[in-house]
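Pasting input.cif here (mmCIF, C-alpha atoms):
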data_input
#
loop_
_atom_site.label_atom_id
_atom_site.label_comp_id
_atom_site.auth_asym_id
_atom_site.auth_seq_id
_atom_site.Cartn_x
_atom_site.Cartn_y
_atom_site.Cartn_z
CA MET A 1 19.53 20.73 -4.12
CA ALA A 2 15.99 19.59 -4.94
CA LYS A 3 13.54 19.54 -2.11
CA ILE A 4 11.34 16.49 -1.66
CA GLU A 5 8.12 16.92 0.23
CA PRO A 6 5.39 14.45 1.11
CA ILE A 7 1.88 15.00 -0.20
CA SER A 8 -1.35 13.20 0.49
CA ARG A 9 -3.35 12.03 -2.47
CA THR A 10 -6.48 9.98 -2.96
CA VAL A 11 -5.72 6.50 -4.22
CA TYR A 12 -8.09 3.63 -4.84
CA ARG A 13 -7.44 0.10 -3.61
CA ALA A 14 -8.53 -3.05 -5.40
CA PRO A 15 -8.68 -5.54 -2.51
CA THR A 16 -8.92 -8.72 -4.61
CA ALA A 17 -5.98 -7.59 -6.75
CA GLY A 18 -4.12 -6.33 -3.66
CA ARG A 19 -2.90 -3.09 -5.24
CA THR A 20 -3.61 0.63 -5.20
CA TYR A 21 -4.35 2.76 -8.26
CA PHE A 22 -4.45 6.50 -8.93
CA THR A 23 -7.82 6.39 -10.71
CA ALA A 24 -11.07 4.76 -9.68
CA ARG A 25 -11.58 3.37 -13.18
CA ALA A 26 -8.21 1.57 -13.15
CA ALA A 27 -8.96 0.09 -9.72
CA ALA A 28 -12.43 -1.04 -10.82
CA ASN A 29 -11.09 -2.64 -14.01
CA ARG A 30 -8.37 -4.49 -12.11
CA GLU A 31 -10.75 -5.56 -9.35
CA ALA A 32 -13.18 -6.97 -11.93
CA ALA A 33 -10.34 -8.79 -13.71
CA ALA A 34 -9.05 -10.20 -10.42
CA MET A 35 -12.52 -11.47 -9.55
CA LEU A 36 -12.75 -13.25 -12.91
CA GLU A 37 -9.23 -14.66 -12.55
CA ARG A 38 -10.24 -16.11 -9.20
CA LYS A 39 -13.37 -17.70 -10.70
CA TYR A 40 -11.72 -18.83 -13.97
CA PRO A 41 -8.03 -19.53 -13.27
CA THR A 42 -5.49 -19.53 -16.09
CA GLU A 43 -4.56 -22.93 -17.47
CA ARG A 44 -1.08 -23.44 -18.86
CA ASP A 45 -0.47 -24.67 -22.38
CA ASP A 46 -0.47 -28.47 -22.52
CA PRO A 47 0.64 -30.01 -25.86
CA GLU A 48 -1.28 -33.24 -25.24
CA CYS A 49 -4.67 -31.62 -24.57
CA GLY A 50 -4.35 -28.55 -26.75
CA GLY A 51 -3.80 -24.91 -25.85
CA GLY A 52 -4.11 -23.23 -22.50
CA TYR A 53 -7.02 -21.11 -21.36
CA HIS A 54 -7.41 -17.55 -20.11
CA TRP A 55 -10.73 -15.85 -19.48
CA THR A 56 -9.89 -13.05 -21.97
CA GLN A 57 -10.25 -15.59 -24.81
CA ASP A 58 -14.00 -15.74 -24.18
CA PRO A 59 -15.79 -12.65 -25.57
CA THR A 60 -18.66 -13.16 -23.14
CA LEU A 61 -16.33 -12.99 -20.13
CA VAL A 62 -14.70 -9.83 -21.50
CA LYS A 63 -18.16 -8.23 -21.56
CA VAL A 64 -18.78 -9.52 -18.04
CA ARG A 65 -15.57 -7.80 -16.88
CA GLN A 66 -16.69 -4.52 -18.41
CA ARG A 67 -20.11 -4.82 -16.81
CA LEU A 68 -18.61 -5.75 -13.46
CA ALA A 69 -16.23 -2.77 -13.60
CA ARG A 70 -19.23 -0.46 -14.22
CA ILE A 71 -21.07 -1.96 -11.25
CA ILE A 72 -18.02 -1.48 -8.99
CA LEU A 73 -17.61 2.15 -10.10
CA ARG A 74 -21.32 2.83 -9.58
CA ALA A 75 -21.14 1.40 -6.04
CA LEU A 76 -18.08 3.54 -5.26
CA ARG A 77 -19.80 6.70 -6.50
CA ARG A 78 -22.99 5.95 -4.57
CA ALA A 79 -20.99 5.38 -1.39
CA ALA A 80 -19.13 8.66 -1.93
CA ARG A 81 -22.42 10.50 -2.49
CA ALA A 82 -23.93 8.98 0.63
CA THR A 83 -20.89 10.05 2.66
CA ASP A 84 -21.12 13.58 1.27
CA ASN A 85 -24.82 13.78 2.14
CA LYS A 86 -24.17 12.64 5.73
CA GLU A 87 -21.53 15.35 6.23
CA GLN A 88 -23.90 18.14 5.21
#
Could you rewrite the structure in this file as structure tokens?
Amino acid sequence: MAKIEPISRTVYRAPTAGRTYFTARAAANREAAAMLERKYPTERDDPECGGGYHWTQDPTLVKVRQRLARIILRALRRAARATDNKEQ
């Protein structure tokens, strides 16, 4: 019979998205997207007024998400470096 054993692994949590991810990049991308979704909520398709809206339709906001994800990753790495320096 196969043996199952627990292991501990580093995971990254995106608090605005409310989920955990195995990589820091995935967590940063999702956190940035969740922040933009909170600021620019999705609008459903309404036949009378035209189509719906999602922030990914705006190329400027897509670039903002990429920039925001880089900023979040940079802050995570700086915090990790600061923690490592304090331990030494």
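With all atoms listed in the file as the atoms that count, the residue of A:Leu36, A:Ala14, A:Ala75, A:Cys49 with the shortest distance to Leu61 (chain A) is A:Leu36.
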task: Just say which residues the PyMOL selection byres ((chain A and resi 53) around 8) picks in this file, as a PyMOL selection string.
output: chain A and resi 42-45+51-52+54-55+57
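Run against this file, the PyMOL selection byres ((chain A and resi 76) around 12) gives back Tyr12, Arg13, Ala14, Thr23, Ala24, Arg25, Ala27, Ala28, Ala69, Arg70, Ile71, Ile72, Leu73, Arg74, Ala75, Arg77, Arg78, Ala79, Ala80, Arg81, Ala82 and Thr83 of chain A.
For the pair CA of Arg38 (chain A) and CA of Val62 (chain A), the interatomic distance is 14.5 Å.
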- prompt: So how many Å separate CA of Asp46 (chain A) and CA of Thr16 (chain A), to one decimal?
  reply: 28.0 Å
task: Give the answer as one residue: which of A:Pro6, A:Pro47, A:Ala17, A:Ala32 has the shortest atom-to-atom distance to Arg67 (chain A), using only C-alpha atoms?
output: A:Ala32
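Across the structure, CA of Asn85 (chain A) and CA of Phe22 (chain A) are spaced 24.3 Å apart.
The residue that comes closest to Lys63 (chain A), out of A:Glu5, A:Ala33, A:Glu48, A:Asp84 and on the basis of all atoms listed in the file, is A:Ala33.
In terms of minimum interatomic distance to Met35 (chain A), A:Arg65 ranks closest within A:Arg65, A:Lys86, A:Lys3, A:Arg9, counting only C-alpha atoms.
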